[in-house]
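Below: model_39.pdb (PDB, C-alpha atoms and all ligand atoms)
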```pdb
ATOM      1  CA  MET A   1      90.710  86.759 115.029
ATOM      2  CA  GLU A   2      90.487  85.517 118.588
ATOM      3  CA  LYS A   3      91.243  81.983 119.585
ATOM      4  CA  LEU A   4      88.750  79.952 121.595
ATOM      5  CA  SER A   5      90.098  76.809 123.246
ATOM      6  CA  ILE A   6      87.578  74.096 123.962
ATOM      7  CA  VAL A   7      88.762  71.727 126.680
ATOM      8  CA  VAL A   8      86.910  68.419 126.797
ATOM      9  CA  PRO A   9      87.656  65.649 129.324
ATOM     10  CA  CYS A  10      86.674  62.230 127.974
ATOM     11  CA  PHE A  11      86.495  58.920 129.773
ATOM     12  CA  ASN A  12      85.044  56.029 127.795
ATOM     13  CA  GLU A  13      83.144  58.290 125.446
ATOM     14  CA  GLN A  14      83.385  56.503 122.092
ATOM     15  CA  GLU A  15      79.646  56.982 121.484
ATOM     16  CA  THR A  16      79.450  60.647 122.399
ATOM     17  CA  ILE A  17      82.554  62.082 120.673
ATOM     18  CA  PRO A  18      81.136  61.622 117.144
ATOM     19  CA  LEU A  19      77.995  63.477 118.292
ATOM     20  CA  PHE A  20      79.763  66.204 120.238
ATOM     21  CA  TYR A  21      82.123  67.459 117.552
ATOM     22  CA  PRO A  22      79.526  68.206 114.835
ATOM     23  CA  ALA A  23      77.195  69.778 117.404
ATOM     24  CA  VAL A  24      79.914  72.214 118.498
ATOM     25  CA  GLN A  25      81.090  72.850 114.928
ATOM     26  CA  LYS A  26      77.551  73.821 113.997
ATOM     27  CA  VAL A  27      77.485  76.463 116.711
ATOM     28  CA  LEU A  28      80.995  77.700 115.929
ATOM     29  CA  ALA A  29      79.941  78.277 112.325
ATOM     30  CA  LYS A  30      77.823  81.102 113.735
ATOM     31  CA  MET A  31      80.899  82.632 115.365
ATOM     32  CA  PRO A  32      83.006  83.751 112.405
ATOM     33  CA  LYS A  33      85.309  85.911 114.508
ATOM     34  CA  VAL A  34      86.822  83.039 116.476
ATOM     35  CA  THR A  35      89.331  80.364 115.563
ATOM     36  CA  PRO A  36      88.613  77.223 117.544
ATOM     37  CA  GLU A  37      91.159  74.977 119.183
ATOM     38  CA  TYR A  38      89.940  71.707 120.651
ATOM     39  CA  TRP A  39      91.790  69.952 123.433
ATOM     40  CA  PHE A  40      90.255  66.564 124.062
ATOM     41  CA  VAL A  41      91.719  64.773 127.047
ATOM     42  CA  ASP A  42      91.430  61.007 126.969
ATOM     43  CA  ASP A  43      91.447  60.168 130.653
ATOM     44  CA  GLY A  44      92.756  56.601 130.297
ATOM     45  CA  SER A  45      89.656  55.268 128.572
ATOM     46  CA  ASN A  46      89.462  51.565 127.894
ATOM     47  CA  ASP A  47      87.184  51.787 124.883
ATOM     48  CA  ASN A  48      87.750  53.373 121.452
ATOM     49  CA  THR A  49      87.819  56.960 122.708
ATOM     50  CA  LEU A  50      91.397  57.532 121.552
ATOM     51  CA  ILE A  51      90.660  56.095 118.114
ATOM     52  CA  GLU A  52      87.709  58.495 117.769
ATOM     53  CA  LEU A  53      89.941  61.400 118.807
ATOM     54  CA  LYS A  54      92.631  60.410 116.302
ATOM     55  CA  LYS A  55      89.989  60.325 113.571
ATOM     56  CA  LEU A  56      88.948  63.881 114.431
ATOM     57  CA  HIS A  57      92.572  64.990 114.555
ATOM     58  CA  GLU A  58      93.151  63.672 111.036
ATOM     59  CA  GLN A  59      90.025  65.406 109.824
ATOM     60  CA  ASP A  60      90.498  68.815 111.447
ATOM     61  CA  LYS A  61      93.831  70.420 112.296
ATOM     62  CA  HIS A  62      92.191  72.421 115.069
ATOM     63  CA  VAL A  63      91.574  69.216 117.011
ATOM     64  CA  HIS A  64      94.254  68.179 119.491
ATOM     65  CA  TYR A  65      94.265  65.433 122.029
ATOM     66  CA  ILE A  66      96.112  64.369 125.144
ATOM     67  CA  SER A  67      95.958  60.765 126.204
ATOM     68  CA  PHE A  68      96.730  59.758 129.794
ATOM     69  CA  SER A  69      98.630  56.641 130.801
ATOM     70  CA  ARG A  70      95.663  55.607 132.974
ATOM     71  CA  ASN A  71      92.456  57.058 134.409
ATOM     72  CA  PHE A  72      93.410  60.027 136.587
ATOM     73  CA  GLY A  73      89.924  61.465 137.029
ATOM     74  CA  LYS A  74      88.068  64.407 135.569
ATOM     75  CA  GLU A  75      89.871  66.988 137.701
ATOM     76  CA  SER A  76      93.253  65.895 136.343
ATOM     77  CA  ALA A  77      91.861  65.916 132.810
ATOM     78  CA  ILE A  78      90.599  69.475 133.292
ATOM     79  CA  TYR A  79      94.007  70.577 134.560
ATOM     80  CA  ALA A  80      95.813  68.934 131.628
ATOM     81  CA  GLY A  81      93.430  70.501 129.110
ATOM     82  CA  LEU A  82      93.683  73.970 130.623
ATOM     83  CA  SER A  83      97.496  73.689 130.687
ATOM     84  CA  ALA A  84      97.609  72.774 126.996
ATOM     85  CA  ALA A  85      95.099  75.380 125.813
ATOM     86  CA  THR A  86      96.572  78.430 124.117
ATOM     87  CA  GLY A  87      93.391  80.402 123.420
ATOM     88  CA  ASP A  88      92.461  83.939 124.442
ATOM     89  CA  TYR A  89      89.284  82.424 125.838
ATOM     90  CA  ILE A  90      88.977  78.922 127.175
ATOM     91  CA  VAL A  91      85.788  76.951 127.612
ATOM     92  CA  LEU A  92      85.433  73.745 129.565
ATOM     93  CA  MET A  93      82.825  71.285 128.276
ATOM     94  CA  ASP A  94      81.605  67.758 128.943
ATOM     95  CA  VAL A  95      81.509  65.600 125.876
ATOM     96  CA  ASP A  96      78.078  64.098 126.561
ATOM     97  CA  LEU A  97      76.269  67.262 125.350
ATOM     98  CA  GLN A  98      74.900  67.920 128.822
ATOM     99  CA  ASP A  99      76.578  71.284 128.397
ATOM    100  CA  PRO A 100      74.527  72.848 125.573
ATOM    101  CA  PRO A 101      76.887  74.184 122.852
ATOM    102  CA  GLU A 102      74.149  76.684 121.865
ATOM    103  CA  LEU A 103      75.224  78.800 124.836
ATOM    104  CA  LEU A 104      78.750  79.337 123.452
ATOM    105  CA  PRO A 105      78.033  82.498 121.393
ATOM    106  CA  LYS A 106      76.276  84.084 124.364
ATOM    107  CA  MET A 107      79.123  83.245 126.724
ATOM    108  CA  TYR A 108      81.660  84.608 124.283
ATOM    109  CA  LYS A 109      79.724  87.804 123.816
ATOM    110  CA  ILE A 110      79.536  88.417 127.556
ATOM    111  CA  LEU A 111      83.294  87.949 127.987
ATOM    112  CA  GLN A 112      84.039  90.223 125.061
ATOM    113  CA  THR A 113      82.399  93.171 126.746
ATOM    114  CA  GLY A 114      85.263  92.948 129.256
ATOM    115  CA  GLU A 115      82.883  93.300 132.156
ATOM    116  CA  TYR A 116      83.230  89.679 133.252
ATOM    117  CA  ASP A 117      86.174  87.286 133.467
ATOM    118  CA  ALA A 118      84.150  84.113 133.371
ATOM    119  CA  VAL A 119      80.729  82.878 132.392
ATOM    120  CA  GLY A 120      79.492  79.834 134.228
ATOM    121  CA  CYS A 121      76.399  77.778 133.561
ATOM    122  CA  ARG A 122      73.952  76.847 136.196
ATOM    123  CA  ARG A 123      71.210  74.306 135.808
ATOM    124  CA  VAL A 124      68.000  75.392 137.418
ATOM    125  CA  ASP A 125      66.546  71.912 137.740
ATOM    126  CA  ARG A 126      67.823  68.375 137.993
ATOM    127  CA  LYS A 127      65.382  66.683 135.665
ATOM    128  CA  GLY A 128      66.303  63.066 135.001
ATOM    129  CA  GLU A 129      68.461  62.748 138.072
ATOM    130  CA  GLY A 130      67.673  60.480 141.026
ATOM    131  CA  LYS A 131      65.851  62.115 143.952
ATOM    132  CA  PHE A 132      68.392  60.915 146.493
ATOM    133  CA  LYS A 133      71.306  62.190 144.403
ATOM    134  CA  SER A 134      69.661  65.609 143.996
ATOM    135  CA  PHE A 135      68.942  65.760 147.711
ATOM    136  CA  LEU A 136      72.572  64.988 148.574
ATOM    137  CA  SER A 137      73.820  67.553 146.058
ATOM    138  CA  ASN A 138      71.619  70.275 147.479
ATOM    139  CA  GLN A 139      72.731  69.466 151.020
ATOM    140  CA  PHE A 140      76.349  69.582 149.883
ATOM    141  CA  TYR A 141      76.001  73.140 148.542
ATOM    142  CA  LYS A 142      74.316  74.238 151.747
ATOM    143  CA  VAL A 143      77.046  72.758 153.938
ATOM    144  CA  ILE A 144      80.045  73.910 151.932
ATOM    145  CA  ASN A 145      78.740  77.458 151.599
ATOM    146  CA  ARG A 146      78.148  77.655 155.293
ATOM    147  CA  ILE A 147      81.558  76.388 156.376
ATOM    148  CA  SER A 148      83.855  77.581 153.622
ATOM    149  CA  LYS A 149      84.953  81.074 152.667
ATOM    150  CA  VAL A 150      84.644  80.391 148.949
ATOM    151  CA  GLU A 151      81.143  80.740 147.609
ATOM    152  CA  ILE A 152      80.034  77.865 145.421
ATOM    153  CA  VAL A 153      76.797  78.546 143.585
ATOM    154  CA  SER A 154      74.336  75.649 143.662
ATOM    155  CA  GLY A 155      73.859  73.746 140.423
ATOM    156  CA  VAL A 156      76.879  75.265 138.689
ATOM    157  CA  ARG A 157      78.471  72.814 136.329
ATOM    158  CA  ASP A 158      82.062  72.759 135.201
ATOM    159  CA  TYR A 159      80.798  74.237 131.902
ATOM    160  CA  ARG A 160      82.362  77.690 131.872
ATOM    161  CA  MET A 161      84.206  80.048 129.592
ATOM    162  CA  MET A 162      87.117  81.973 131.072
ATOM    163  CA  THR A 163      89.595  84.603 129.994
ATOM    164  CA  ARG A 164      93.257  83.720 129.605
ATOM    165  CA  GLN A 165      94.001  85.728 132.751
ATOM    166  CA  MET A 166      91.639  83.679 134.876
ATOM    167  CA  VAL A 167      92.892  80.380 133.445
ATOM    168  CA  ASN A 168      96.440  81.393 134.289
ATOM    169  CA  ALA A 169      95.294  82.012 137.846
ATOM    170  CA  VAL A 170      93.652  78.582 137.967
ATOM    171  CA  LEU A 171      96.827  76.963 136.622
ATOM    172  CA  SER A 172      98.928  78.723 139.233
ATOM    173  CA  MET A 173      97.154  76.602 141.851
ATOM    174  CA  LYS A 174      99.290  73.500 141.799
ATOM    175  CA  GLU A 175      97.482  71.551 144.469
ATOM    176  CA  TYR A 176      97.350  67.806 144.018
ATOM    177  CA  SER A 177      93.860  67.336 145.322
ATOM    178  CA  ARG A 178      91.892  69.424 142.854
ATOM    179  CA  PHE A 179      88.319  70.477 143.471
ATOM    180  CA  SER A 180      87.571  72.701 140.488
ATOM    181  CA  LYS A 181      84.328  74.152 141.789
ATOM    182  CA  GLY A 182      86.292  75.456 144.758
ATOM    183  CA  ILE A 183      89.315  76.530 142.717
ATOM    184  CA  PHE A 184      87.210  78.585 140.291
ATOM    185  CA  ALA A 185      85.570  80.317 143.224
ATOM    186  CA  TRP A 186      88.831  80.757 145.124
ATOM    187  CA  VAL A 187      90.701  82.580 142.334
ATOM    188  CA  GLY A 188      87.974  85.203 142.351
ATOM    189  CA  PHE A 189      87.342  87.363 139.256
ATOM    190  CA  LYS A 190      83.909  88.330 138.079
ATOM    191  CA  THR A 191      81.684  85.494 137.008
ATOM    192  CA  LYS A 192      78.321  85.698 135.344
ATOM    193  CA  TYR A 193      75.994  82.720 135.590
ATOM    194  CA  LEU A 194      73.707  81.694 132.777
ATOM    195  CA  GLU A 195      70.772  79.503 133.681
ATOM    196  CA  TYR A 196      69.487  76.579 131.700
ATOM    197  CA  HIS A 197      67.384  73.469 132.120
ATOM    198  CA  ASN A 198      69.097  70.180 132.733
ATOM    199  CA  VAL A 199      69.833  68.115 129.662
ATOM    200  CA  GLU A 200      70.351  64.378 129.868
ATOM    201  CA  ARG A 201      73.363  62.592 128.434
ATOM    202  CA  VAL A 202      73.042  61.911 124.665
ATOM    203  CA  ALA A 203      74.650  58.479 124.861
ATOM    204  CA  GLY A 204      76.848  56.340 127.073
ATOM    205  CA  GLU A 205      76.596  56.236 130.826
ATOM    206  CA  THR A 206      77.734  58.451 133.653
ATOM    207  CA  ASP A 207      80.618  57.141 135.621
ATOM    208  CA  TRP A 208      79.660  59.092 138.738
ATOM    209  CA  THR A 209      77.854  56.861 141.175
ATOM    210  CA  THR A 210      76.231  58.442 144.223
ATOM    211  CA  HIS A 211      78.984  56.911 146.348
ATOM    212  CA  LYS A 212      81.717  58.443 144.168
ATOM    213  CA  LEU A 213      80.010  61.845 144.256
ATOM    214  CA  PHE A 214      79.695  61.639 148.032
ATOM    215  CA  LYS A 215      83.415  60.964 148.399
ATOM    216  CA  TYR A 216      84.173  63.788 145.981
ATOM    217  CA  ALA A 217      82.012  66.163 148.024
ATOM    218  CA  LEU A 218      83.708  65.214 151.305
ATOM    219  CA  GLY A 219      87.097  65.731 149.658
ATOM    220  CA  GLY A 220      85.979  69.140 148.433
ATOM    221  CA  ILE A 221      84.966  70.138 151.939
ATOM    222  CA  ALA A 222      88.387  69.183 153.300
ATOM    223  CA  ASP A 223      90.055  71.069 150.425
ATOM    224  CA  PHE A 224      88.222  74.319 151.016
ATOM    225  CA  SER A 225      87.259  74.434 154.647
ATOM    226  CA  GLN A 226      88.819  73.973 158.055
ATOM    227  CA  ALA A 227      85.450  73.789 159.755
ATOM    228  CA  PRO A 228      85.762  70.061 160.530
ATOM    229  CA  LEU A 229      88.979  70.842 162.420
ATOM    230  CA  ASN A 230      87.178  73.570 164.338
ATOM    231  CA  LEU A 231      84.512  71.008 165.154
ATOM    232  CA  ALA A 232      87.213  68.836 166.727
ATOM    233  CA  VAL A 233      88.396  71.801 168.804
ATOM    234  CA  TRP A 234      84.808  72.521 169.815
ATOM    235  CA  ILE A 235      84.167  68.905 170.835
ATOM    236  CA  GLY A 236      87.411  68.910 172.826
ATOM    237  CA  THR A 237      86.622  72.154 174.622
ATOM    238  CA  THR A 238      83.068  71.091 175.463
ATOM    239  CA  SER A 239      84.111  67.721 176.857
ATOM    240  CA  PHE A 240      86.869  69.412 178.873
ATOM    241  CA  ILE A 241      84.379  71.810 180.477
ATOM    242  CA  LEU A 242      81.917  68.987 181.147
ATOM    243  CA  SER A 243      84.634  66.854 182.714
ATOM    244  CA  ILE A 244      85.625  69.668 185.102
ATOM    245  CA  ILE A 245      81.992  69.978 186.188
ATOM    246  CA  GLY A 246      81.811  66.188 186.594
ATOM    247  CA  LEU A 247      84.991  66.174 188.640
ATOM    248  CA  LEU A 248      83.680  68.871 190.988
ATOM    249  CA  VAL A 249      80.457  66.938 191.458
ATOM    250  CA  VAL A 250      82.370  63.767 192.370
ATOM    251  CA  ILE A 251      84.692  65.550 194.832
ATOM    252  CA  VAL A 252      81.921  67.493 196.549
ATOM    253  CA  ARG A 253      79.718  64.413 196.805
ATOM    254  CA  LYS A 254      82.589  62.414 198.301
ATOM    255  CA  LEU A 255      83.136  65.123 200.944
ATOM    256  CA  ILE A 256      79.456  65.511 201.823
ATOM    257  CA  VAL A 257      78.204  61.909 201.598
ATOM    258  CA  PRO A 258      80.942  59.492 202.742
ATOM    259  CA  GLY A 259      81.068  56.195 200.754
ATOM    260  CA  SER A 260      79.001  57.489 197.824
ATOM    261  CA  SER A 261      81.892  57.310 195.320
ATOM    262  CA  ILE A 262      81.464  53.526 194.895
ATOM    263  CA  LEU A 263      78.277  54.208 192.936
ATOM    264  CA  GLY A 264      78.278  54.910 189.243
ATOM    265  CA  TRP A 265      79.331  51.908 187.157
ATOM    266  CA  ALA A 266      76.823  52.814 184.432
ATOM    267  CA  SER A 267      77.938  56.427 184.270
ATOM    268  CA  THR A 268      81.607  55.383 184.097
ATOM    269  CA  ILE A 269      80.998  53.054 181.151
ATOM    270  CA  SER A 270      78.889  55.696 179.358
ATOM    271  CA  ILE A 271      81.591  58.311 179.804
ATOM    272  CA  ILE A 272      84.371  55.985 178.587
ATOM    273  CA  LEU A 273      82.384  55.020 175.496
ATOM    274  CA  LEU A 274      81.335  58.571 174.716
ATOM    275  CA  ILE A 275      84.793  60.070 175.148
ATOM    276  CA  GLY A 276      86.349  57.172 173.220
ATOM    277  CA  GLY A 277      83.949  57.736 170.347
ATOM    278  CA  LEU A 278      84.543  61.480 170.264
ATOM    279  CA  GLN A 279      88.299  60.936 170.333
ATOM    280  CA  LEU A 280      88.148  58.571 167.378
ATOM    281  CA  LEU A 281      85.944  61.021 165.498
ATOM    282  CA  CYS A 282      88.410  63.853 166.047
ATOM    283  CA  ILE A 283      91.390  61.681 165.108
ATOM    284  CA  GLY A 284      89.504  60.702 161.950
ATOM    285  CA  ILE A 285      88.945  64.351 161.035
ATOM    286  CA  ILE A 286      92.603  65.181 161.614
ATOM    287  CA  GLY A 287      93.543  62.061 159.644
ATOM    288  CA  ARG A 288      91.639  63.329 156.600
ATOM    289  CA  TYR A 289      93.686  66.498 156.557
ATOM    290  CA  ILE A 290      96.928  64.624 157.167
ATOM    291  CA  GLY A 291      96.052  62.400 154.196
ATOM    292  CA  LYS A 292      95.713  65.516 152.057
ATOM    293  CA  ILE A 293      99.071  66.841 153.290
ATOM    294  CA  TYR A 294     100.672  63.451 152.621
ATOM    295  CA  LEU A 295      99.512  63.452 149.012
ATOM    296  CA  GLN A 296     100.552  67.064 148.536
ATOM    297  CA  VAL A 297     104.087  66.756 149.934
ATOM    298  CA  LYS A 298     104.856  63.747 147.780
ATOM    299  CA  GLU A 299     104.416  66.068 144.795
ATOM    300  CA  ARG A 300     103.337  63.344 142.458
ATOM    301  CA  PRO A 301     102.331  64.593 139.020
ATOM    302  CA  ILE A 302      98.625  65.351 138.647
ATOM    303  CA  TYR A 303      98.528  63.295 135.436
ATOM    304  CA  ILE A 304     100.888  61.394 133.132
ATOM    305  CA  VAL A 305     100.677  61.909 129.397
ATOM    306  CA  LYS A 306     101.127  58.954 127.116
ATOM    307  CA  GLU A 307     100.401  60.681 123.849
ATOM    308  CA  LYS A 308      99.780  64.288 122.828
ATOM    309  CA  LYS A 309      99.035  65.771 119.428
TER     310      LYS A 309
HETATM  311  N1  LIG B   1      85.209  62.158 132.859
HETATM  312  C1  LIG B   1      86.602  62.096 132.873
HETATM  313  N2  LIG B   1      87.219  61.255 133.761
HETATM  314  C2  LIG B   1      86.526  60.473 134.636
HETATM  315  C3  LIG B   1      85.108  60.570 134.635
HETATM  316  C4  LIG B   1      84.487  61.425 133.742
HETATM  317  O1  LIG B   1      87.271  62.786 132.097
HETATM  318  O2  LIG B   1      87.148  59.721 135.396
HETATM  319  C5  LIG B   1      84.529  63.085 131.903
HETATM  320  C6  LIG B   1      83.438  62.438 131.061
HETATM  321  O3  LIG B   1      83.938  61.836 129.911
HETATM  322  C7  LIG B   1      82.542  63.627 130.738
HETATM  323  C8  LIG B   1      82.676  64.507 131.978
HETATM  324  O4  LIG B   1      83.873  64.086 132.630
HETATM  325  O5  LIG B   1      82.978  64.356 129.612
HETATM  326  C9  LIG B   1      81.476  64.399 132.897
HETATM  327  O6  LIG B   1      81.257  63.058 133.223
HETATM  328  P1  LIG B   1      79.795  62.440 133.364
HETATM  329  O7  LIG B   1      78.932  62.865 132.224
HETATM  330  O8  LIG B   1      80.001  60.975 133.565
HETATM  331  O9  LIG B   1      79.340  63.110 134.712
HETATM  332  P2  LIG B   1      77.994  63.942 135.048
HETATM  333  O10 LIG B   1      77.608  64.713 133.829
HETATM  334  O11 LIG B   1      77.008  62.914 135.425
HETATM  335  O12 LIG B   1      78.408  64.830 136.170
HETATM  336 MG    MG B   2      77.417  64.119 131.991
END
```

Starting from the file, give its structure as structure tokens.
Ligand code: UDP
Ligand code: MG
Amino acid sequence: MEKLSIVVPCFNEQETIPLFYPAVQKVLAKMPKVTPEYWFVDDGSNDNTLIELKKLHEQDKHVHYISFSRNFGKESAIYAGLSAATGDYIVLMDVDLQDPPELLPKMYKILQTGEYDAVGCRRVDRKGEGKFKSFLSNQFYKVINRISKVEIVSGVRDYRMMTRQMVNAVLSMKEYSRFSKGIFAWVGFKTKYLEYHNVERVAGETDWTTHKLFKYALGGIADFSQAPLNLAVWIGTTSFILSIIGLLVVIVRKLIVPGSSILGWASTISIILLIGGLQLLCIGIIGRYIGKIYLQVKERPIYIVKEKK
């Protein structure tokens, strides 16, 4: 018998948990060779999520839960769940059934051949999602793939099954600011992507506003790329070259046409404003990275457990 750990981050999911568990159980019934192990992570929910999880725990000894002392975010919940999982294979799933459990047997079968170390799922459309949100997401994948060494496949969700070896590699990355899409790509290994059509949430509401996603995307870029820093260097170099040219023009003009250096109030103001703006932009970019370093060196825990069973 092989053990399959199912890691499920939950934040205010009292409506979806009672739907999720039977749906997964139904699929697992078709996989007689695996023993399941559920790790639900209650990410500081303020509804009855924990009560629902306790109910499941009473009912099925394969169900475990970790409850955080407050909301630490999905990335922390993923890390906690992966750390607790003891399975030979580990699958990461959202509780809202947007990750179709029907794909589990197929994912398992692919990993068992030993040819792949992970099976990820990729949605081929974004049905039911706002146009603006989809547009931003698509732009994000374009940008990050252009400026970062890790390759992040567009539309890949966190829904993926991994071997123990790969999960150990993921856990060995102790960074505080966790961007899983980047981490999964960074550790390498061979990943196969299954495609499926987008499914909408069964119940409850998503907590990810466009603003929150945008911030998450910017954070991910800073975590996995130094391109913004190179941009600062590029801006600096270009303005340095331009200023040397400007300086030569001013000196030569002064020598050739006496008295002409009084002219140029407008150009002076423009230059001051432009250079000032560019300087602030570059300081801002550097500041983002310093913020990341600051959080990392403090070595705060990624999550705090209040209860675990
Ligand atoms: N989630 C979490 N912590 C959070 C926000 C979300 O653990 O702070 C969980 C949530 O319960 C769900 C998964 O992450 O299982 C995906 O969240 P959601 O469905 O809201 O996001 P979307 O599917 O829209 O990306
Ligand atoms: Mg969802």

Next item on the list: Name every residue that the PyMOL selection byres (((chain A and resi 236-251) around 10) and not hetatm) selects in this structure, writing the answer as a ChimeraX atom specification with chains first and numbers rising.
Entry: /A:230-235,252-256,260-261,271,274-275,278-279,282

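Proximity ranking of A:Tyr294, A:Phe184, A:Phe20, A:Tyr303 relative to Ser83 (chain A) places A:Tyr303 first, based on only C-alpha atoms.
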
Notebook entry, point to check: For ligand MG 2 (chain B), which residue among A:Ile90, A:Leu56, A:Leu218, A:Val95 is the nearest when counting all atoms listed in the file?
Noted result: A:Val95

I'd like a table as a Markdown table: residues in region 134-183 of chain A with an atom no more than 9 Å from region 105-111 of chain A, each row giving the shortest atom pair and its distance in Å to one decimal, all atoms listed in the file counted, sorted by chain and rising residue number.
```
| residue | atom | partner | partner_atom | distance |
| --- | --- | --- | --- | --- |
| A:Arg160 | CA | A:Met107 | CA | 8.2 |
| A:Met161 | CA | A:Met107 | CA | 6.7 |
| A:Met162 | CA | A:Leu111 | CA | 7.7 |
| A:Thr163 | CA | A:Leu111 | CA | 7.4 |
```

I need the chosen residues saved as a compact mmCIF listing (two decimals), in the frame of the given file, with C-alpha atoms.
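Saved the output as selection06.txt:
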```
# COMPACT_ATOMS: atom_id res chain seq x y z
CA ARG A 160 82.36 77.69 131.87
CA MET A 161 84.21 80.05 129.59
CA MET A 162 87.12 81.97 131.07
CA THR A 163 89.60 84.60 129.99
```

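Counting from CA of His64 (chain A), the distance to CA of Lys309 (chain A) is 5.4 Å.
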
Check: Separation of atom C8 of ligand LIG 1 (chain B) and CA of Asp96 (chain A), in Å?
Finding: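 Going from atom C8 of ligand LIG 1 (chain B) over to CA of Asp96 (chain A) covers 7.1 Å.
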
Tell me, as a PDB file with C-alpha atoms, in the coordinates of the input, which residues lie within 8 Å of Asp47 (chain A), counting all atoms listed in the file; anything in the same chain fewer than 6 positions away does not count.
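Here's the written file around-v4.pdb:
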```pdb
ATOM      1  CA  ASN A  12      85.044  56.029 127.795  1.00  0.00           C
ATOM      2  CA  GLU A  13      83.144  58.290 125.446  1.00  0.00           C
ATOM      3  CA  GLN A  14      83.385  56.503 122.092  1.00  0.00           C
TER       4      GLN A  14
END
```

Find the residues near ligand LIG 1 (chain B). Use a cut-off of 9 Å, count only C-alpha atoms and all ligand atoms, and write them as a JSON list (two decimals) with C-alpha atoms, in the coordinates of the input.
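And here is the file that came out, pocket_37.json:
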```json
[["chain", "number", "residue", "atom", "x", "y", "z"],
["A", 8, "VAL", "CA", 86.91, 68.42, 126.80],
["A", 9, "PRO", "CA", 87.66, 65.65, 129.32],
["A", 10, "CYS", "CA", 86.67, 62.23, 127.97],
["A", 11, "PHE", "CA", 86.50, 58.92, 129.77],
["A", 12, "ASN", "CA", 85.04, 56.03, 127.80],
["A", 13, "GLU", "CA", 83.14, 58.29, 125.45],
["A", 16, "THR", "CA", 79.45, 60.65, 122.40],
["A", 41, "VAL", "CA", 91.72, 64.77, 127.05],
["A", 42, "ASP", "CA", 91.43, 61.01, 126.97],
["A", 43, "ASP", "CA", 91.45, 60.17, 130.65],
["A", 44, "GLY", "CA", 92.76, 56.60, 130.30],
["A", 45, "SER", "CA", 89.66, 55.27, 128.57],
["A", 71, "ASN", "CA", 92.46, 57.06, 134.41],
["A", 72, "PHE", "CA", 93.41, 60.03, 136.59],
["A", 73, "GLY", "CA", 89.92, 61.46, 137.03],
["A", 74, "LYS", "CA", 88.07, 64.41, 135.57],
["A", 75, "GLU", "CA", 89.87, 66.99, 137.70],
["A", 76, "SER", "CA", 93.25, 65.90, 136.34],
["A", 77, "ALA", "CA", 91.86, 65.92, 132.81],
["A", 78, "ILE", "CA", 90.60, 69.47, 133.29],
["A", 93, "MET", "CA", 82.82, 71.28, 128.28],
["A", 94, "ASP", "CA", 81.60, 67.76, 128.94],
["A", 95, "VAL", "CA", 81.51, 65.60, 125.88],
["A", 96, "ASP", "CA", 78.08, 64.10, 126.56],
["A", 97, "LEU", "CA", 76.27, 67.26, 125.35],
["A", 98, "GLN", "CA", 74.90, 67.92, 128.82],
["A", 99, "ASP", "CA", 76.58, 71.28, 128.40],
["A", 129, "GLU", "CA", 68.46, 62.75, 138.07],
["A", 157, "ARG", "CA", 78.47, 72.81, 136.33],
["A", 158, "ASP", "CA", 82.06, 72.76, 135.20],
["A", 200, "GLU", "CA", 70.35, 64.38, 129.87],
["A", 201, "ARG", "CA", 73.36, 62.59, 128.43],
["A", 204, "GLY", "CA", 76.85, 56.34, 127.07],
["A", 205, "GLU", "CA", 76.60, 56.24, 130.83],
["A", 206, "THR", "CA", 77.73, 58.45, 133.65],
["A", 207, "ASP", "CA", 80.62, 57.14, 135.62],
["A", 208, "TRP", "CA", 79.66, 59.09, 138.74],
["A", 209, "THR", "CA", 77.85, 56.86, 141.18],
["A", 213, "LEU", "CA", 80.01, 61.84, 144.26]]
```

Checklist line | Contacts of Ser154 (chain A) at 9 Å (all atoms listed in the file; same-chain gap of 5+ positions) as a list of chain:residue names | finding: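 After dropping sequence-adjacent residues, the list is A:Arg122, A:Arg123, A:Val124, A:Ser137, A:Asn138, A:Phe140, A:Tyr141, A:Lys142.
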
Next item on the list: Excluding Ala169 (chain A) and any residue of its chain fewer than 2 positions from it, enumerate the residues within 10 Å of it, using all atoms listed in the file, and give them as a ChimeraX atom specification.
Entry: /A:164-167,171-173,183-184,186-189

Based on the selection just made, write C-alpha atoms of those residues as a compact mmCIF listing (two decimals), in the coordinates of the input.
```
# COMPACT_ATOMS: atom_id res chain seq x y z
CA ARG A 164 93.26 83.72 129.60
CA GLN A 165 94.00 85.73 132.75
CA MET A 166 91.64 83.68 134.88
CA VAL A 167 92.89 80.38 133.44
CA LEU A 171 96.83 76.96 136.62
CA SER A 172 98.93 78.72 139.23
CA MET A 173 97.15 76.60 141.85
CA ILE A 183 89.32 76.53 142.72
CA PHE A 184 87.21 78.58 140.29
CA TRP A 186 88.83 80.76 145.12
CA VAL A 187 90.70 82.58 142.33
CA GLY A 188 87.97 85.20 142.35
CA PHE A 189 87.34 87.36 139.26
```

Check: At what distance in Å, to one decimal, does CA of Asp88 (chain A) lie from CA of Ala29 (chain A)?
Finding: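 A separation of 18.3 Å between them.
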
Next item on the list: Find the residue from A:Gln59, A:Ser5, A:Gln25, A:Ser225 that sits nearest to Phe179 (chain A); use all atoms listed in the file when measuring.
Entry: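 Using all atoms listed in the file, Phe179 (chain A) sits closest to A:Ser225.
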
Item checked: Distance criterion (all atoms listed in the file): nearest to Lys174 (chain A) out of A:Thr113, A:Thr35, A:Thr191, A:Gln296 ->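 Of A:Thr113, A:Thr35, A:Thr191, A:Gln296, the one nearest Lys174 (chain A) is A:Gln296, counting all atoms listed in the file.
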
Next item on the list: Select, from A:Asn198, A:Gly130, A:Asn168, A:Gly81, the residue with the minimum atom-to-atom distance to ligand MG 2 (chain B), counting all atoms listed in the file.
Entry: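 Ranked by minimum distance to ligand MG 2 (chain B), first place goes to A:Asn198.
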